[in-house]
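A.B. asks: Starting off with a structure, shown below.
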Amino acid sequence: MKLLDPITRFQSELQQIRRDIHAHPELCFEEQRTADLIASKLTQWGIPIDRGMGVTGVVGIIQNGSSKRAIGLRADMDALPLQEVNSFPHASTHAGKMHACGHDGHVAMLLGAAHYLASHRNFDGTVYLIFQPAEEGGGGAKRMMDDGLFAKYPMDAVFGMHNWPGVAVGTFGVTAGPMMASSNEFEVIVKGKGSHAAQPHKGIDPIMTAIQIAQSWQTIITRNKSPIDAGVISITQIHAGSATNIVPDTATLIGTVRTFTTETLDLIEHRMRDVAQHTAAAFDAEVDFRFTRNYPPLINHAKETAFAAEVMRSIVGDDCVNTQVEPTMGAEDFAFMLQEKPGCYVFIGNGEGAHRHDGHGMGPCNLHNPSYDFNDDLLPIGASYWVRLAEAYLRSA
């Protein structure tokens with residue numbers, strides 16, 4: 001690998017930063033300590049900062065030369081509401097909070113790039129370092145945009161990166177077009193009429209109605225949408241009843257819908273509502289149908305994806321860059337930024353979990369798992385990618 005020597009020599013400090021953040025996780029829009037640490041480091045390195053976008057967001061500004069061109073590099077910084085089971089020295093010190101998705105590593109990699117870019121400045125233009133809060137369900141990217149991120153800091157393109165367990169360290173994955181799915185939630189309350197369980201004919205059973213709705217929804221996936229258009233309806237909660245001898249008044253279905261296109265999402269939402277309403281009517285019941293669109297699909301732009309892939313190849317070689325990586329049905333709020341600006345989001349391999357020290361949990365090193373830990377071997381790789389990406393972009397025509 002062709003890593004930048006100053007970044008490699010800086011790895012031990014980046015590791016200390018990463019592990020400090022891991023030990024002090026903060027949930028969405030609560031990342032005050034993390035933001036303070038980021039701001040302190042950037043200021044120490046002579047980088048001007050702007051704080052408060054998206055509540056706790058931090059933007060670093062590195063300028064050089066006279067070009068008006070600008071690039072944005074984004075790292076998320078929030079943790080998850082999860083109890084860590086690891087017991088190594090940098091395990092979470094906050095009960096019920098954990099960096100189980102590697103955002104601690106994402107922050108450290110971007111800080112590594114910031115340190116190098118501030119001291120070398122081998123580019124002509126502006127690099128915006130975007131430390132974003134609340135990726136885990138809070139929509140922090142949208143919140144920063146609503147607070148004027150792109151208006152105050154006009155940039156020509158924006159790029160993001162996420163560690164990916166199960167993929168070898170020293171490898172990257174990306175694909176043009178849809179790479180991550182939209183994330184949407186539904187809550188459907190079926191309203192019947194309660195009765196004694198021995199006299200169900202005197203009521204309207206909301207549970208049987210909900211069961212029919214749940215089963216019928218799956219035909220939307222298999223019979224309404226095109227088989228080549230991905231879509232998932234997952235019912236993750238069913239709530240009803242309080243006693244064995246009572247047919248309740250209501251039953252509630254809760255879950256998520258994920259798609260790679262807005263058109264498929266429109267179809268699924270429309271059919272879910274119709275099926276729920278008409279099925280309920282067939283049972284003399286009613287429904288309260290609620291559908292919330294959270295994150296849109298993450299769509300990588302073709303030109304920027306090809307550009308990013310070339311930068312990755314220059315660092316790790318052709319064989320370690322997969323430009324046809326399989327899209328995931330997971331969601332990511334960087335999608336909002338890619339709706340407004342050209343750009344690309346990439347995966348960087350986090351390994352299989354062998355990097356974890358004594359004291360790690362017995363579970364797998366998977367995202368959102370209480371035994372997860374970010375692989376510190378990625379720090380110089382990810383930081384070198386950020387630097388080379390910014391330098392190449394700000395010297396390209």
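Following the order of the structure tokens, chains are lettered A, B, ..., residues in each are numbered from 1, and ligands are numbered from 1.
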Excluding range 357-361 of chain A and its own-chain neighbours fewer than 2 positions away, which residues fall within 9 Å of it when counting only C-alpha atoms? Please give them as a VMD selection string.

C.D. replies: chain A and resid 84 to 89 91 354 to 355 363 to 365 370 to 373

A.B. asks: With N, CA, C and O atoms kept, could you save the residues just selected as an mmCIF file, in the first residue's frame?

C.D. replies:
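Dumped to part09.cif:
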data_model
loop_
_atom_site.group_PDB
_atom_site.id
_atom_site.type_symbol
_atom_site.label_atom_id
_atom_site.label_comp_id
_atom_site.auth_asym_id
_atom_site.auth_seq_id
_atom_site.Cartn_x
_atom_site.Cartn_y
_atom_site.Cartn_z
ATOM 1 N N GLU A 84 -22.348 -2.107 25.641
ATOM 2 C CA GLU A 84 -21.142 -2.794 25.162
ATOM 3 C C GLU A 84 -20.815 -3.967 26.075
ATOM 4 O O GLU A 84 -20.912 -3.867 27.303
ATOM 5 N N VAL A 85 -20.379 -5.093 25.475
ATOM 6 C CA VAL A 85 -19.985 -6.263 26.262
ATOM 7 C C VAL A 85 -18.470 -6.455 26.258
ATOM 8 O O VAL A 85 -17.971 -7.370 26.913
ATOM 9 N N ASN A 86 -17.734 -5.619 25.529
ATOM 10 C CA ASN A 86 -16.274 -5.680 25.581
ATOM 11 C C ASN A 86 -15.778 -5.160 26.925
ATOM 12 O O ASN A 86 -16.430 -4.331 27.563
ATOM 13 N N SER A 87 -14.598 -5.643 27.340
ATOM 14 C CA SER A 87 -14.042 -5.191 28.621
ATOM 15 C C SER A 87 -12.602 -4.721 28.484
ATOM 16 O O SER A 87 -11.905 -4.574 29.487
ATOM 17 N N PHE A 88 -12.136 -4.476 27.250
ATOM 18 C CA PHE A 88 -10.777 -3.949 27.088
ATOM 19 C C PHE A 88 -10.724 -2.513 27.617
ATOM 20 O O PHE A 88 -11.761 -1.892 27.888
ATOM 21 N N PRO A 89 -9.524 -1.954 27.784
ATOM 22 C CA PRO A 89 -9.390 -0.658 28.476
ATOM 23 C C PRO A 89 -10.173 0.494 27.853
ATOM 24 O O PRO A 89 -10.565 1.420 28.580
ATOM 25 N N ALA A 91 -13.127 0.314 26.421
ATOM 26 C CA ALA A 91 -14.563 0.031 26.321
ATOM 27 C C ALA A 91 -15.373 1.215 26.852
ATOM 28 O O ALA A 91 -14.882 2.048 27.620
ATOM 29 N N ALA A 354 -10.247 -10.123 13.995
ATOM 30 C CA ALA A 354 -9.049 -10.622 14.672
ATOM 31 C C ALA A 354 -8.244 -9.507 15.336
ATOM 32 O O ALA A 354 -7.380 -9.777 16.176
ATOM 33 N N HIS A 355 -8.519 -8.263 14.977
ATOM 34 C CA HIS A 355 -7.795 -7.130 15.554
ATOM 35 C C HIS A 355 -8.188 -6.840 16.990
ATOM 36 O O HIS A 355 -7.482 -6.110 17.695
ATOM 37 N N GLY A 363 -19.265 -12.120 20.874
ATOM 38 C CA GLY A 363 -20.029 -11.980 19.651
ATOM 39 C C GLY A 363 -19.162 -11.595 18.474
ATOM 40 O O GLY A 363 -17.962 -11.326 18.611
ATOM 41 N N PRO A 364 -19.740 -11.545 17.270
ATOM 42 C CA PRO A 364 -18.981 -11.196 16.067
ATOM 43 C C PRO A 364 -18.663 -9.714 16.018
ATOM 44 O O PRO A 364 -19.310 -8.895 16.684
ATOM 45 N N CYS A 365 -17.666 -9.375 15.217
ATOM 46 C CA CYS A 365 -17.291 -7.968 15.045
ATOM 47 C C CYS A 365 -18.110 -7.381 13.901
ATOM 48 O O CYS A 365 -17.572 -6.998 12.857
ATOM 49 N N PRO A 370 -22.801 -5.711 20.105
ATOM 50 C CA PRO A 370 -22.147 -5.256 21.335
ATOM 51 C C PRO A 370 -20.702 -5.714 21.488
ATOM 52 O O PRO A 370 -20.014 -5.252 22.404
ATOM 53 N N SER A 371 -20.227 -6.609 20.599
ATOM 54 C CA SER A 371 -18.831 -7.050 20.640
ATOM 55 C C SER A 371 -17.963 -6.352 19.593
ATOM 56 O O SER A 371 -16.777 -6.653 19.460
ATOM 57 N N TYR A 372 -18.538 -5.421 18.850
ATOM 58 C CA TYR A 372 -17.810 -4.739 17.772
ATOM 59 C C TYR A 372 -16.698 -3.840 18.311
ATOM 60 O O TYR A 372 -16.794 -3.298 19.406
ATOM 61 N N ASP A 373 -15.654 -3.661 17.508
ATOM 62 C CA ASP A 373 -14.676 -2.595 17.734
ATOM 63 C C ASP A 373 -14.055 -2.220 16.397
ATOM 64 O O ASP A 373 -13.793 -3.087 15.545
#

A.B. asks: Please produce, as a Markdown table, a per-residue contact table for range 136-173 of chain A versus range 336-350 of chain A (criterion: any atom at most 6 Å away, only C-alpha atoms considered), showing the nearest atom pair and its distance in Å to one decimal, sorted by chain then residue number.

C.D. replies:
| residue | atom | partner | partner_atom | distance |
| --- | --- | --- | --- | --- |
| A:Ala157 | CA | A:Pro342 | CA | 4.9 |
| A:Val158 | CA | A:Gly343 | CA | 4.8 |
| A:Phe159 | CA | A:Cys344 | CA | 5.1 |
| A:Gly160 | CA | A:Tyr345 | CA | 4.6 |
| A:Met161 | CA | A:Val346 | CA | 4.8 |
| A:His162 | CA | A:Phe347 | CA | 5.0 |
| A:Asn163 | CA | A:Ile348 | CA | 4.7 |
| A:Trp164 | CA | A:Gly349 | CA | 4.9 |
| A:Pro165 | CA | A:Asn350 | CA | 4.6 |
| A:Val167 | CA | A:Gly349 | CA | 4.4 |
| A:Ala168 | CA | A:Gly349 | CA | 5.0 |
| A:Val169 | CA | A:Gly349 | CA | 4.7 |
| A:Thr171 | CA | A:Gly349 | CA | 5.4 |
| A:Phe172 | CA | A:Ile348 | CA | 4.6 |
| A:Gly173 | CA | A:Phe347 | CA | 5.0 |

A.B. asks: Rounded to one decimal in Å, what is the spacing between CA of Asn224 in chain A and CA of Thr256 in chain A?

C.D. replies: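 Here the two named atoms are 17.9 Å from each other.
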
A.B. asks: Give me, please, the distance in Å between CA of Ser234 in chain A and CA of Val257 in chain A, quoted to one decimal.

C.D. replies: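 Interatomic distance, CA of Ser234 in chain A to CA of Val257 in chain A: 6.4 Å.
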
A.B. asks: Would you list the contacts of range 281-297 of chain A as number ranges by chain, taking every protein, DNA or RNA residue within 9 Å and counting only C-alpha atoms, but skipping same-chain residues closer than 6 positions in sequence?

C.D. replies: A: 137-139, 178-193, 204-206, 208-209, 258-262, 269, 272-273, 331-336, 339

A.B. asks: What does the distance from CA of Cys28 in chain A to CA of Met329 in chain A come to in Å, to one decimal?

C.D. replies: 21.6 Å

A.B. asks: Which is closest to Gly148 in chain A among A:Val127, A:Val59, A:Val247, A:Cys101, if we use only C-alpha atoms?

C.D. replies: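 Smallest distance to Gly148 in chain A is found for A:Val59.
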
A.B. asks: Given the choices A:Pro48, A:Gly255, A:Pro327, A:Gly72, which gets closest to Gly125 in chain A if the distance is worked out from only C-alpha atoms?

C.D. replies: A:Gly72

A.B. asks: Residues of range 28-134 of chain A in strand (DSSP E) according to DSSP, as a PyMOL selection string?

C.D. replies: chain A and resi 49-51+58-64+70-76+125-132

A.B. asks: Using only C-alpha atoms, can you tell me which of A:Ala276, A:Leu14, A:Leu82, A:Ala118 comes closest to Leu42 in chain A?

C.D. replies: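 Ranking A:Ala276, A:Leu14, A:Leu82, A:Ala118 by distance to Leu42 in chain A, first place goes to A:Ala118.
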
A.B. asks: For Leu117 in chain A, which of A:Ile61, A:Leu298, A:Ala79, A:Ile235 is the closest residue, counting only C-alpha atoms?

C.D. replies: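 When distances to Leu117 in chain A are compared using only C-alpha atoms, the smallest one comes from A:Ile61.
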
A.B. asks: Could you pull the residues within 6 Å of range 107-112 of chain A, counting only C-alpha atoms, minus those fewer than 3 positions along the same chain, as a PDB file with C-alpha atoms, in the first residue's frame?

C.D. replies:
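Dumped everything to out_39.pdb:
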ATOM      1  CA  LEU A  14      -4.915   8.852  16.022  1.00  0.00           C
ATOM      2  CA  ARG A  18     -10.146   7.016  18.471  1.00  0.00           C
ATOM      3  CA  ALA A  75     -17.388  11.851   9.025  1.00  0.00           C
ATOM      4  CA  ASP A 104     -15.176   6.867  16.449  1.00  0.00           C
ATOM      5  CA  HIS A 115      -3.547  17.121  10.421  1.00  0.00           C
ATOM      6  CA  LEU A 379      -6.601   4.769  10.449  1.00  0.00           C
ATOM      7  CA  GLY A 382      -8.575   5.963   5.500  1.00  0.00           C
ATOM      8  CA  ALA A 383      -6.673   9.160   6.296  1.00  0.00           C
TER       9      ALA A 383
END
